[in-house]
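Heads up, the thing below is written out as structure tokens.
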Protein chains: 2
Amino acid sequence: MAGKADGGSSITNVAAMANVSIATVSRVLSGKRSKDDDIARRVREAAKQLGYSVNYAASALRSDVTKTIGLVIPSATDAFAAQLLDTIEPTIDVESQQLLLGIGATQEAQKERIESLIDRHVDGLIVMPAPGADHAETLSRHADALPIVQIGGRQTSPHVSMVGIDEDVAMETVVRHLTEQGIASVAYMAGNELSFESAELFTMFHTHLRTYGLATDEDWNRFGACTVQRGFDCAMRLFNGPIVQPEAVVCADDTIAFGVMVALDALGIRVPEDVLVVGYHDSPIARTTMPQLTSMRAPFERIVSECLQLLASSPAGGAAETTDASGGNVRAPRVMLAPQLIVRDSSVFRR
Amino acid sequence: MAGKADGGSSITNVAAMANVSIATVSRVLSGKRSKDDDIARRVREAAKQLGYSVNYAASALRSDVTKTIGLVIPSATDAFAAQLLDTIEPTIDVESQQLLLGIGATQEAQKERIESLIDRHVDGLIVMPAPGADHAETLSRHADALPIVQIGGRQTSPHVSMVGIDEDVAMETVVRHLTEQGIASVAYMAGNELSFESAELFTMFHTHLRTYGLATDEDWNRFGACTVQRGFDCAMRLFNGPIVQPEAVVCADDTIAFGVMVALDALGIRVPEDVLVVGYHDSPIARTTMPQLTSMRAPFERIVSECLQLLASSPAGGAAETTDASGGNVRAPRVMLAPQLIVRDSSVFRR
DNA sequence: CTGAAAGCGCTAACAT
DNA sequence: ATGTTAGCGCTTTCAG
């Protein structure tokens with residue numbers, strides 16, 4: 001009874017062994033105590049010896065702090081979500097916080113996860129919306145009860161803080177890089193034409209193309225699937241026949257870029273000597289192509305640290321502040337982070 | 001105060017509104033009550049109207065059931081782990097159970113997650129060991145406190161149940177499939193030679209090769225990295241020059257198979273007309289190659305259902321039973337599941 | 001700074 | 001079958 005799952009002891013045992021009250025033990029172990037005197041040492045020693053660890057249920061019941069943060073993602077096989085998971089999990093100290101995971105591929109499924117996590121009284125909630133999902137209503141309804149951060153996605157309530165990728169800067173970075181390599185014409189293989197993100201990226205790309213004075217052609221710019229096959233087919237169309245060919249190809253996903261490189265290889269066109277290729281999303285594949293693929297990577301470390309900081313700084317229900325602090329309508333913070341271009345061989349002319 | 005995070009009410013409010021005692025509310029809402037009479041309806045109605053949901057902390061404190069299960073994986077970017085996550089999360093009913101996730105790429109990191117999860121009193125723990133990690137000691141030390149299931153990995157304590165992939169059957173399936181296609185010689189591109197799994201697969205492959213009477217060659221069987229580049233290089237070596245060439249290539253990973261197909265394409269060798277190719281792990285890439293790649297897939301649905309069943313059937317501390325039930329040393333169950341071969345175009349001769 | 005004591009909301013005995 | 005009641009282990013007043 002006394003010794004089962006945990007070290008087998010409650011705060012009472014520790015208190016007895018250290019000859020102090022349970023209140024003191026609680027204070028010492030939770031750091032709510034100034035001095036580091038003999039008493040503190042005695043308590044820690046006893047706790048260690050008994051293999052004591054707090055009962056989070058009891059702690060949560062009393063203090064309303066569950067030491068858990070909820071994370072909702074669309075799918076673990078999504079490369080972005082997976083990298084997010086791998087970055088966020090080691091960042092939160094496992095001793096003081098744990099990750100409660102919810103996966104939902106649709107708006108409905110995600111909503112269910114979100115509400116369920118909130119029912120669990122998570123201390124904070126991070127939501128990466130599924131493509132096309134709009135959680136503005138759901139999230140803002142809870143924003144005064146706990147800090148919430150949304151990662152990416154379009155729709156947001158003004159009461160929910162958000163961390164996003166600045167795709168505009170991303171595209172400018174790509175175009176500038178190509179300009180610096182001295183090329184003058186570029187093709188762009190966009191993603192799915194039904195996706196808002198694809199359309200947005202497409203527009204931004206062309207804006208920056210004009211800014212930097214690079215040439216392109218309507219035939220060189222098509223929407224399509226993010227598959228190897230599609231990249232292969234498009235590259236075949238562009239490079240097998242036409243007299244005028246682009247000097248560089250930018251792809252909305254590494255998979256497409258891969259198909260492009262396979263096609264170029266089959267046509268005897270060398271990368272990067274004859275054509276430069278740039279991918280997107282920096283998937284693991286980028287490091288295994290020949291030559292290795294230059295690609296755009298989201299700054300996961302910064303995304304995660306911004307998220308955690310926003311959760312921490314939200315005064316236990318961020319939105320509550322938005323109305324009473326200044327009296328006006330203070331929007332929750334929105335942080336846009338620039339991705340970084342991982343420059344590899346596929347986009348650098350060899351000297 | 002009454003209404004913050006949750007619907008704003010405790011069991012007391014519900015009881016008052018339904019004109020019953022809190023005990024009855026608890027019983028009705030937790031299903032521990034036979035009839036579905038007027039009282040039950042009144043309680044549910046009140047709960048719904050108040051937006052009531054149980055306080056899991058209080059519930060856990062009292063009953064020692066946290067309604068959480070812990071899952072420890074090496075990395076979310078690992079394809080197997082990611083698919084496991086995507087399969088397991090929707091399987092556990094979010095209303096009654098939540099997933100506490102731990103990620104650790106090393107034995108040490110995983111051990112820390114495991115102990116921390118156990119400190120949290122998860123109701124069950126699923127561990128997918130990092131490559132080479134041995135948690136036998138850690139897990140068996142806790143096996144009498146809560147049900148634990150290990151997925152894959154080599155080392156296990158006899159007190160910890162485990163679900164694994166039967167690679168032997170997998171290899172036999174591959175070889176049989178090729179035999180049925182009428183081919184007589186096969187090359188094998190193994191994974192990392194330092195990995196025990198790679199060596200095991202390699203051995204099994206050759207065993208079945210002999211059983212089915214297929215030919216191979218020492219030069220056709222090499223260990224190496226699981227990258228496109230490696231597959232490309234190996235295929236170039238095998239198919240560009242030598243008079244005698246294999247009729248089929250089996251790869252220990254889809255990535256390798258991809259490289260092989262690129263090389264064959266560059267050499268003007270057609271798949272599947274001239275050479276059959278089979279991959280492993282059925283990564284998303286397999287569906288995007290040209291032609292689509294035949295590959296081996298782990299039966300995630302069965303893995304997950306077996307895991308959950310093992311957790312549920314373990315009598316709240318599985319190993320406790322292993323000593324006192326029969327008096328003898330009853331080993332915890334070990335379930336080996338056969339992967340399935342996803343047959344696509346790359347391994348089927350066109351008629 | 002420390003100790004005593006009051007609950008947090010719920011479940012499981014125990015009565016009825 | 002329902003109600004009454006005693007805590008689960010902890011944090012946090014409130015005194016000293």
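In the structure tokens, chains take letters A, B, ... by order of appearance, with residues numbered from 1 within each chain and ligands from 1 in the order shown.
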Please list as an mmCIF file with C-alpha atoms, in the first residue's frame every residue within 10 Å of DC1 (chain C), counting only C-alpha atoms (C1' of nucleotides) and excluding residues in the same chain fewer than 4 positions away.
data_model
loop_
_atom_site.group_PDB
_atom_site.id
_atom_site.type_symbol
_atom_site.label_atom_id
_atom_site.label_comp_id
_atom_site.auth_asym_id
_atom_site.auth_seq_id
_atom_site.Cartn_x
_atom_site.Cartn_y
_atom_site.Cartn_z
ATOM 1 C CA THR A 24 7.732 22.627 4.991
ATOM 2 C CA ARG A 33 11.314 28.956 0.254
ATOM 3 C CA SER A 34 14.234 31.322 0.471
ATOM 4 C CA LYS A 35 16.998 29.724 2.458
#
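All chain B residues having an atom within 6 Å of chain C, based on only C-alpha atoms (C1' of nucleotides), amount to B:Ala58, B:Ser59, B:Arg62.
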Expected file: the selected residues, N, CA, C and O atoms, as an mmCIF file, in the first residue's frame:
data_model
loop_
_atom_site.group_PDB
_atom_site.id
_atom_site.type_symbol
_atom_site.label_atom_id
_atom_site.label_comp_id
_atom_site.auth_asym_id
_atom_site.auth_seq_id
_atom_site.Cartn_x
_atom_site.Cartn_y
_atom_site.Cartn_z
ATOM 1 N N ALA B 58 -9.057 15.206 -9.364
ATOM 2 C CA ALA B 58 -9.742 14.711 -8.176
ATOM 3 C C ALA B 58 -10.043 13.234 -8.312
ATOM 4 O O ALA B 58 -9.840 12.436 -7.388
ATOM 5 N N SER B 59 -10.514 12.880 -9.483
ATOM 6 C CA SER B 59 -10.834 11.488 -9.744
ATOM 7 C C SER B 59 -9.599 10.604 -9.576
ATOM 8 O O SER B 59 -9.658 9.537 -8.971
ATOM 9 N N ARG B 62 -8.405 10.153 -5.956
ATOM 10 C CA ARG B 62 -9.209 9.226 -5.175
ATOM 11 C C ARG B 62 -9.067 7.779 -5.645
ATOM 12 O O ARG B 62 -8.949 6.854 -4.854
#
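Using only C-alpha atoms, the smallest distance between any of B:Gly259, B:Gly224, B:Gly152, B:Pro90 and Ala298 (chain B) comes from B:Gly152.
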field: Test item: residues at most 8 Å from region 247-253 of chain A, only C-alpha atoms (C1' of nucleotides), excluding those fewer than 4 positions along its chain, as a list in words
entry: Leu178, Ile183, Ala184, Ser185, Val186, Ala187, Tyr188, Met189, Ala190, Gly191, Ser198, Cys226, Ala257, Asp274, Val275, Leu276, Val277, Val278, Gly279, Tyr280 and His281 of chain A
Could you take the residues named above and write them with all heavy atoms, as a short mmCIF file (atom, residue, chain, number, x, y, z; two decimals), in the first residue's frame?
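Output below, filename again-v4.cif:
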data_model
loop_
_atom_site.label_atom_id
_atom_site.label_comp_id
_atom_site.auth_asym_id
_atom_site.auth_seq_id
_atom_site.Cartn_x
_atom_site.Cartn_y
_atom_site.Cartn_z
N LEU A 178 19.11 33.00 -55.51
CA LEU A 178 19.30 32.66 -56.92
C LEU A 178 19.93 33.82 -57.67
O LEU A 178 20.81 33.64 -58.52
CB LEU A 178 17.97 32.27 -57.55
CG LEU A 178 17.38 30.94 -57.04
CD1 LEU A 178 16.01 30.69 -57.63
CD2 LEU A 178 18.33 29.78 -57.34
N ILE A 183 21.91 33.84 -61.82
CA ILE A 183 20.99 33.35 -62.83
C ILE A 183 19.94 34.43 -63.15
O ILE A 183 19.75 35.37 -62.38
CB ILE A 183 20.28 32.05 -62.39
CG1 ILE A 183 19.33 32.34 -61.23
CG2 ILE A 183 21.27 30.98 -62.04
CD1 ILE A 183 17.92 32.24 -61.63
N ALA A 184 19.30 34.29 -64.29
CA ALA A 184 18.39 35.33 -64.76
C ALA A 184 16.97 34.84 -65.00
O ALA A 184 16.05 35.64 -65.16
CB ALA A 184 18.94 35.96 -66.05
N SER A 185 16.77 33.53 -65.06
CA SER A 185 15.42 33.05 -65.32
C SER A 185 15.09 31.85 -64.42
O SER A 185 15.94 31.01 -64.16
CB SER A 185 15.27 32.65 -66.79
OG SER A 185 16.13 31.57 -67.09
N VAL A 186 13.84 31.80 -63.97
CA VAL A 186 13.44 30.79 -63.00
C VAL A 186 12.09 30.18 -63.34
O VAL A 186 11.18 30.89 -63.80
CB VAL A 186 13.32 31.39 -61.58
CG1 VAL A 186 13.20 30.29 -60.54
CG2 VAL A 186 14.46 32.31 -61.28
N ALA A 187 11.96 28.88 -63.08
CA ALA A 187 10.65 28.22 -63.19
C ALA A 187 10.16 27.95 -61.78
O ALA A 187 10.96 27.80 -60.85
CB ALA A 187 10.77 26.92 -63.96
N TYR A 188 8.84 27.89 -61.61
CA TYR A 188 8.30 27.61 -60.28
C TYR A 188 7.26 26.51 -60.36
O TYR A 188 6.29 26.59 -61.11
CB TYR A 188 7.66 28.87 -59.67
CG TYR A 188 7.13 28.64 -58.28
CD1 TYR A 188 8.00 28.36 -57.22
CD2 TYR A 188 5.77 28.68 -58.01
CE1 TYR A 188 7.52 28.15 -55.94
CE2 TYR A 188 5.27 28.47 -56.73
CZ TYR A 188 6.16 28.20 -55.70
OH TYR A 188 5.69 27.98 -54.43
N MET A 189 7.48 25.46 -59.58
CA MET A 189 6.50 24.37 -59.54
C MET A 189 5.73 24.46 -58.24
O MET A 189 6.24 24.08 -57.18
CB MET A 189 7.21 23.03 -59.66
CG MET A 189 8.01 22.95 -60.97
SD MET A 189 8.48 21.30 -61.39
CE MET A 189 9.46 21.64 -62.87
N ALA A 190 4.53 24.98 -58.34
CA ALA A 190 3.72 25.24 -57.16
C ALA A 190 3.06 23.97 -56.65
O ALA A 190 3.11 22.92 -57.29
CB ALA A 190 2.67 26.28 -57.49
N GLY A 191 2.45 24.09 -55.46
CA GLY A 191 1.76 22.94 -54.87
C GLY A 191 0.34 22.82 -55.38
O GLY A 191 0.01 23.35 -56.44
N SER A 198 -0.64 27.38 -51.17
CA SER A 198 0.03 27.27 -52.46
C SER A 198 -0.15 28.55 -53.26
O SER A 198 0.80 29.09 -53.83
CB SER A 198 -0.53 26.10 -53.27
OG SER A 198 -0.19 24.90 -52.66
N CYS A 226 2.26 17.39 -55.03
CA CYS A 226 3.60 17.35 -54.46
C CYS A 226 4.13 15.92 -54.50
O CYS A 226 4.29 15.27 -53.45
CB CYS A 226 3.57 17.88 -53.03
SG CYS A 226 3.31 19.65 -52.93
N ALA A 257 11.01 18.58 -56.20
CA ALA A 257 12.40 18.85 -56.58
C ALA A 257 13.14 17.56 -56.89
O ALA A 257 13.96 17.49 -57.82
CB ALA A 257 13.12 19.61 -55.47
N ASP A 274 24.34 23.07 -64.91
CA ASP A 274 23.48 23.57 -65.97
C ASP A 274 22.22 24.24 -65.44
O ASP A 274 21.74 25.23 -66.00
CB ASP A 274 23.10 22.43 -66.91
CG ASP A 274 24.33 21.71 -67.47
OD1 ASP A 274 25.33 22.40 -67.75
OD2 ASP A 274 24.29 20.47 -67.59
N VAL A 275 21.67 23.67 -64.39
CA VAL A 275 20.43 24.19 -63.81
C VAL A 275 20.52 24.13 -62.30
O VAL A 275 21.02 23.15 -61.74
CB VAL A 275 19.21 23.36 -64.28
CG1 VAL A 275 17.95 23.80 -63.55
CG2 VAL A 275 19.02 23.47 -65.78
N LEU A 276 20.02 25.17 -61.63
CA LEU A 276 19.96 25.15 -60.16
C LEU A 276 18.57 24.66 -59.73
O LEU A 276 17.58 24.94 -60.38
CB LEU A 276 20.20 26.55 -59.60
CG LEU A 276 21.50 27.24 -60.00
CD1 LEU A 276 21.63 28.59 -59.27
CD2 LEU A 276 22.70 26.35 -59.68
N VAL A 277 18.54 23.93 -58.61
CA VAL A 277 17.26 23.45 -58.10
C VAL A 277 17.13 23.79 -56.61
O VAL A 277 18.09 23.62 -55.85
CB VAL A 277 17.13 21.92 -58.28
CG1 VAL A 277 15.79 21.43 -57.71
CG2 VAL A 277 17.24 21.54 -59.75
N VAL A 278 15.97 24.29 -56.24
CA VAL A 278 15.71 24.60 -54.83
C VAL A 278 14.40 23.94 -54.40
O VAL A 278 13.41 23.99 -55.12
CB VAL A 278 15.60 26.12 -54.60
CG1 VAL A 278 15.22 26.43 -53.15
CG2 VAL A 278 16.91 26.81 -54.96
N GLY A 279 14.43 23.30 -53.25
CA GLY A 279 13.23 22.64 -52.72
C GLY A 279 12.59 23.44 -51.60
O GLY A 279 12.94 24.60 -51.36
N TYR A 280 11.67 22.79 -50.88
CA TYR A 280 10.93 23.47 -49.83
C TYR A 280 10.57 22.47 -48.75
O TYR A 280 10.20 21.34 -49.05
CB TYR A 280 9.66 24.10 -50.41
CG TYR A 280 9.31 25.44 -49.80
CD1 TYR A 280 9.83 26.62 -50.32
CD2 TYR A 280 8.47 25.51 -48.70
CE1 TYR A 280 9.51 27.84 -49.75
CE2 TYR A 280 8.15 26.72 -48.13
CZ TYR A 280 8.68 27.89 -48.66
OH TYR A 280 8.37 29.11 -48.10
N HIS A 281 10.68 22.88 -47.52
CA HIS A 281 10.30 22.08 -46.34
C HIS A 281 11.46 21.29 -45.74
O HIS A 281 11.31 20.68 -44.68
CB HIS A 281 9.16 21.11 -46.62
CG HIS A 281 7.87 21.80 -46.94
ND1 HIS A 281 7.56 23.03 -46.45
CD2 HIS A 281 6.82 21.40 -47.70
CE1 HIS A 281 6.37 23.39 -46.92
NE2 HIS A 281 5.90 22.42 -47.67
#
- request: Please return, as a VMD selection string, all residues of chain A lying within 6 Å of chain B when only C-alpha atoms are considered.
  value: chain A and resid 4 to 6 57 to 58 60 to 61 76 to 77 82 86 99 to 101 119 145 227 to 228 266 288
With N, CA and C atoms retained, export the selected residues as a PDB file, in the first residue's frame.
ATOM      1  N   LYS A   4       4.036   1.313  -3.929  1.00  0.00           N
ATOM      2  CA  LYS A   4       3.617   0.666  -5.174  1.00  0.00           C
ATOM      3  C   LYS A   4       4.220   1.344  -6.398  1.00  0.00           C
ATOM      4  N   ALA A   5       3.404   2.119  -7.035  1.00  0.00           N
ATOM      5  CA  ALA A   5       3.852   2.719  -8.289  1.00  0.00           C
ATOM      6  C   ALA A   5       5.102   3.582  -8.102  1.00  0.00           C
ATOM      7  N   ASP A   6       4.997   4.582  -7.295  1.00  0.00           N
ATOM      8  CA  ASP A   6       6.121   5.493  -7.107  1.00  0.00           C
ATOM      9  C   ASP A   6       7.099   4.936  -6.082  1.00  0.00           C
ATOM     10  N   ALA A  57      -1.703  14.347  -9.216  1.00  0.00           N
ATOM     11  CA  ALA A  57      -3.160  14.454  -9.119  1.00  0.00           C
ATOM     12  C   ALA A  57      -3.536  15.302  -7.917  1.00  0.00           C
ATOM     13  N   ALA A  58      -2.930  14.989  -6.805  1.00  0.00           N
ATOM     14  CA  ALA A  58      -3.238  15.738  -5.588  1.00  0.00           C
ATOM     15  C   ALA A  58      -2.820  17.194  -5.740  1.00  0.00           C
ATOM     16  N   ALA A  60      -2.496  18.865  -8.477  1.00  0.00           N
ATOM     17  CA  ALA A  60      -3.373  19.545  -9.429  1.00  0.00           C
ATOM     18  C   ALA A  60      -4.711  19.867  -8.797  1.00  0.00           C
ATOM     19  N   LEU A  61      -5.208  18.936  -8.028  1.00  0.00           N
ATOM     20  CA  LEU A  61      -6.516  19.146  -7.406  1.00  0.00           C
ATOM     21  C   LEU A  61      -6.496  20.379  -6.512  1.00  0.00           C
ATOM     22  N   ALA A  76       1.017  12.852 -37.241  1.00  0.00           N
ATOM     23  CA  ALA A  76       2.439  12.712 -36.917  1.00  0.00           C
ATOM     24  C   ALA A  76       3.262  12.403 -38.159  1.00  0.00           C
ATOM     25  N   THR A  77       2.602  11.970 -39.219  1.00  0.00           N
ATOM     26  CA  THR A  77       3.350  11.694 -40.447  1.00  0.00           C
ATOM     27  C   THR A  77       3.553  12.958 -41.271  1.00  0.00           C
ATOM     28  N   ALA A  82       5.886  16.455 -37.211  1.00  0.00           N
ATOM     29  CA  ALA A  82       6.847  15.526 -36.624  1.00  0.00           C
ATOM     30  C   ALA A  82       8.075  16.284 -36.109  1.00  0.00           C
ATOM     31  N   ASP A  86       9.453  16.635 -32.285  1.00  0.00           N
ATOM     32  CA  ASP A  86      10.832  16.317 -31.893  1.00  0.00           C
ATOM     33  C   ASP A  86      11.532  17.519 -31.273  1.00  0.00           C
ATOM     34  N   LEU A  99       3.762  16.382 -21.985  1.00  0.00           N
ATOM     35  CA  LEU A  99       3.039  16.673 -23.213  1.00  0.00           C
ATOM     36  C   LEU A  99       1.846  15.742 -23.377  1.00  0.00           C
ATOM     37  N   LEU A 100       0.676  16.322 -23.475  1.00  0.00           N
ATOM     38  CA  LEU A 100      -0.539  15.566 -23.728  1.00  0.00           C
ATOM     39  C   LEU A 100      -0.860  15.772 -25.202  1.00  0.00           C
ATOM     40  N   LEU A 101      -0.824  14.705 -25.974  1.00  0.00           N
ATOM     41  CA  LEU A 101      -0.921  14.838 -27.422  1.00  0.00           C
ATOM     42  C   LEU A 101      -2.294  14.516 -27.972  1.00  0.00           C
ATOM     43  N   ASP A 119     -10.660  20.161 -20.952  1.00  0.00           N
ATOM     44  CA  ASP A 119     -11.329  19.484 -19.839  1.00  0.00           C
ATOM     45  C   ASP A 119     -10.308  18.914 -18.861  1.00  0.00           C
ATOM     46  N   ALA A 145      -9.604  31.091 -20.292  1.00  0.00           N
ATOM     47  CA  ALA A 145      -9.459  30.076 -19.257  1.00  0.00           C
ATOM     48  C   ALA A 145      -8.038  29.542 -19.175  1.00  0.00           C
ATOM     49  N   THR A 227       4.396  15.445 -55.691  1.00  0.00           N
ATOM     50  CA  THR A 227       4.917  14.080 -55.828  1.00  0.00           C
ATOM     51  C   THR A 227       6.144  14.072 -56.731  1.00  0.00           C
ATOM     52  N   VAL A 228       6.894  13.005 -56.632  1.00  0.00           N
ATOM     53  CA  VAL A 228       8.072  12.849 -57.477  1.00  0.00           C
ATOM     54  C   VAL A 228       7.652  12.821 -58.944  1.00  0.00           C
ATOM     55  N   ALA A 266      18.189  12.120 -66.102  1.00  0.00           N
ATOM     56  CA  ALA A 266      17.865  11.268 -67.248  1.00  0.00           C
ATOM     57  C   ALA A 266      18.133  11.986 -68.566  1.00  0.00           C
ATOM     58  N   THR A 288      19.638  13.404 -49.005  1.00  0.00           N
ATOM     59  CA  THR A 288      20.027  12.134 -49.631  1.00  0.00           C
ATOM     60  C   THR A 288      20.008  12.203 -51.149  1.00  0.00           C
TER      61      THR A 288
END
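Across B:Val160, B:Ala338, B:Ala23, B:Ile114, the tightest approach to chain D is made by B:Ala23 when counting only C-alpha atoms (C1' of nucleotides).
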Taking a cut-off of 8 Å and counting only C-alpha atoms (C1' of nucleotides), can you build a table that, for each residue of chain D near chain A, reports the nearest atom pair and how far apart they are in Å (one decimal), sorted by chain then residue number, as a tab-separated table?
residue	atom	partner	partner_atom	distance
D:DC8	C1'	A:Ala58	CA	7.7
D:DG9	C1'	A:Ala58	CA	5.1
D:DC10	C1'	A:Ser59	CA	4.9
D:DT11	C1'	A:Arg62	CA	5.9
Suppose we keep all heavy atoms; can you now write the selection as a PDB file, in the first residue's frame?
ATOM      1  P    DC D   8      -6.260   9.219   3.554  1.00  0.00           P
ATOM      2  OP1  DC D   8      -5.788   7.948   4.138  1.00  0.00           O
ATOM      3  OP2  DC D   8      -5.773  10.501   4.079  1.00  0.00           O
ATOM      4  O5'  DC D   8      -5.976   9.225   1.994  1.00  0.00           O
ATOM      5  C5'  DC D   8      -6.206   8.096   1.148  1.00  0.00           C
ATOM      6  C4'  DC D   8      -6.092   8.559  -0.286  1.00  0.00           C
ATOM      7  O4'  DC D   8      -7.288   9.259  -0.668  1.00  0.00           O
ATOM      8  C3'  DC D   8      -4.933   9.520  -0.519  1.00  0.00           C
ATOM      9  O3'  DC D   8      -3.837   8.799  -1.081  1.00  0.00           O
ATOM     10  C2'  DC D   8      -5.463  10.546  -1.520  1.00  0.00           C
ATOM     11  C1'  DC D   8      -6.989  10.346  -1.513  1.00  0.00           C
ATOM     12  N1   DC D   8      -7.775  11.512  -0.995  1.00  0.00           N
ATOM     13  C2   DC D   8      -8.835  12.035  -1.737  1.00  0.00           C
ATOM     14  O2   DC D   8      -9.091  11.542  -2.837  1.00  0.00           O
ATOM     15  N3   DC D   8      -9.557  13.071  -1.226  1.00  0.00           N
ATOM     16  C4   DC D   8      -9.242  13.571  -0.025  1.00  0.00           C
ATOM     17  N4   DC D   8      -9.993  14.575   0.442  1.00  0.00           N
ATOM     18  C5   DC D   8      -8.168  13.045   0.750  1.00  0.00           C
ATOM     19  C6   DC D   8      -7.465  12.033   0.231  1.00  0.00           C
ATOM     20  P    DG D   9      -2.447   8.735  -0.301  1.00  0.00           P
ATOM     21  OP1  DG D   9      -1.669   7.676  -0.952  1.00  0.00           O
ATOM     22  OP2  DG D   9      -2.679   8.727   1.154  1.00  0.00           O
ATOM     23  O5'  DG D   9      -1.795  10.144  -0.679  1.00  0.00           O
ATOM     24  C5'  DG D   9      -1.564  10.444  -2.035  1.00  0.00           C
ATOM     25  C4'  DG D   9      -1.307  11.935  -2.171  1.00  0.00           C
ATOM     26  O4'  DG D   9      -2.470  12.654  -1.762  1.00  0.00           O
ATOM     27  C3'  DG D   9      -0.156  12.445  -1.309  1.00  0.00           C
ATOM     28  O3'  DG D   9       0.733  13.103  -2.185  1.00  0.00           O
ATOM     29  C2'  DG D   9      -0.828  13.389  -0.321  1.00  0.00           C
ATOM     30  C1'  DG D   9      -2.077  13.809  -1.061  1.00  0.00           C
ATOM     31  N9   DG D   9      -3.206  14.179  -0.237  1.00  0.00           N
ATOM     32  C8   DG D   9      -3.589  13.607   0.955  1.00  0.00           C
ATOM     33  N7   DG D   9      -4.681  14.136   1.456  1.00  0.00           N
ATOM     34  C5   DG D   9      -5.040  15.122   0.543  1.00  0.00           C
ATOM     35  C6   DG D   9      -6.122  16.027   0.547  1.00  0.00           C
ATOM     36  O6   DG D   9      -7.019  16.136   1.381  1.00  0.00           O
ATOM     37  N1   DG D   9      -6.105  16.858  -0.580  1.00  0.00           N
ATOM     38  C2   DG D   9      -5.158  16.813  -1.573  1.00  0.00           C
ATOM     39  N2   DG D   9      -5.304  17.677  -2.571  1.00  0.00           N
ATOM     40  N3   DG D   9      -4.142  15.968  -1.592  1.00  0.00           N
ATOM     41  C4   DG D   9      -4.141  15.159  -0.512  1.00  0.00           C
ATOM     42  P    DC D  10       1.980  13.887  -1.707  1.00  0.00           P
ATOM     43  OP1  DC D  10       3.019  13.690  -2.715  1.00  0.00           O
ATOM     44  OP2  DC D  10       2.254  13.632  -0.285  1.00  0.00           O
ATOM     45  O5'  DC D  10       1.446  15.376  -1.871  1.00  0.00           O
ATOM     46  C5'  DC D  10       1.129  15.853  -3.164  1.00  0.00           C
ATOM     47  C4'  DC D  10       0.243  17.069  -3.069  1.00  0.00           C
ATOM     48  O4'  DC D  10      -0.775  16.801  -2.114  1.00  0.00           O
ATOM     49  C3'  DC D  10       0.960  18.309  -2.570  1.00  0.00           C
ATOM     50  O3'  DC D  10       1.301  19.106  -3.699  1.00  0.00           O
ATOM     51  C2'  DC D  10      -0.076  19.007  -1.687  1.00  0.00           C
ATOM     52  C1'  DC D  10      -1.235  18.028  -1.601  1.00  0.00           C
ATOM     53  N1   DC D  10      -1.747  17.775  -0.238  1.00  0.00           N
ATOM     54  C2   DC D  10      -2.856  18.467   0.212  1.00  0.00           C
ATOM     55  O2   DC D  10      -3.379  19.314  -0.521  1.00  0.00           O
ATOM     56  N3   DC D  10      -3.339  18.205   1.445  1.00  0.00           N
ATOM     57  C4   DC D  10      -2.746  17.283   2.219  1.00  0.00           C
ATOM     58  N4   DC D  10      -3.272  17.042   3.431  1.00  0.00           N
ATOM     59  C5   DC D  10      -1.605  16.563   1.784  1.00  0.00           C
ATOM     60  C6   DC D  10      -1.141  16.845   0.561  1.00  0.00           C
ATOM     61  P    DT D  11       2.298  20.316  -3.519  1.00  0.00           P
ATOM     62  OP1  DT D  11       2.870  20.599  -4.847  1.00  0.00           O
ATOM     63  OP2  DT D  11       3.161  20.046  -2.357  1.00  0.00           O
ATOM     64  O5'  DT D  11       1.298  21.496  -3.139  1.00  0.00           O
ATOM     65  C5'  DT D  11       0.400  21.954  -4.142  1.00  0.00           C
ATOM     66  C4'  DT D  11      -0.523  22.991  -3.545  1.00  0.00           C
ATOM     67  O4'  DT D  11      -1.145  22.493  -2.338  1.00  0.00           O
ATOM     68  C3'  DT D  11       0.145  24.306  -3.154  1.00  0.00           C
ATOM     69  O3'  DT D  11      -0.764  25.319  -3.548  1.00  0.00           O
ATOM     70  C2'  DT D  11       0.261  24.225  -1.643  1.00  0.00           C
ATOM     71  C1'  DT D  11      -1.013  23.442  -1.310  1.00  0.00           C
ATOM     72  N1   DT D  11      -1.033  22.650  -0.044  1.00  0.00           N
ATOM     73  C2   DT D  11      -2.132  22.767   0.777  1.00  0.00           C
ATOM     74  O2   DT D  11      -3.079  23.489   0.545  1.00  0.00           O
ATOM     75  N3   DT D  11      -2.083  21.970   1.911  1.00  0.00           N
ATOM     76  C4   DT D  11      -1.068  21.110   2.283  1.00  0.00           C
ATOM     77  O4   DT D  11      -1.147  20.445   3.309  1.00  0.00           O
ATOM     78  C5   DT D  11       0.052  21.052   1.368  1.00  0.00           C
ATOM     79  C7   DT D  11       1.201  20.139   1.683  1.00  0.00           C
ATOM     80  C6   DT D  11       0.024  21.819   0.268  1.00  0.00           C
TER      81       DT D  11
END
message: Env of Leu310 (chain A): 12 Å cut, atoms = only C-alpha atoms (C1' of nucleotides), seq-sep filter 5 positions within chain, self excluded. Answer as an MDAnalysis selection string.
response: chainID A and resid 124:126 146:151 160:163 302:305 315:319 332:335
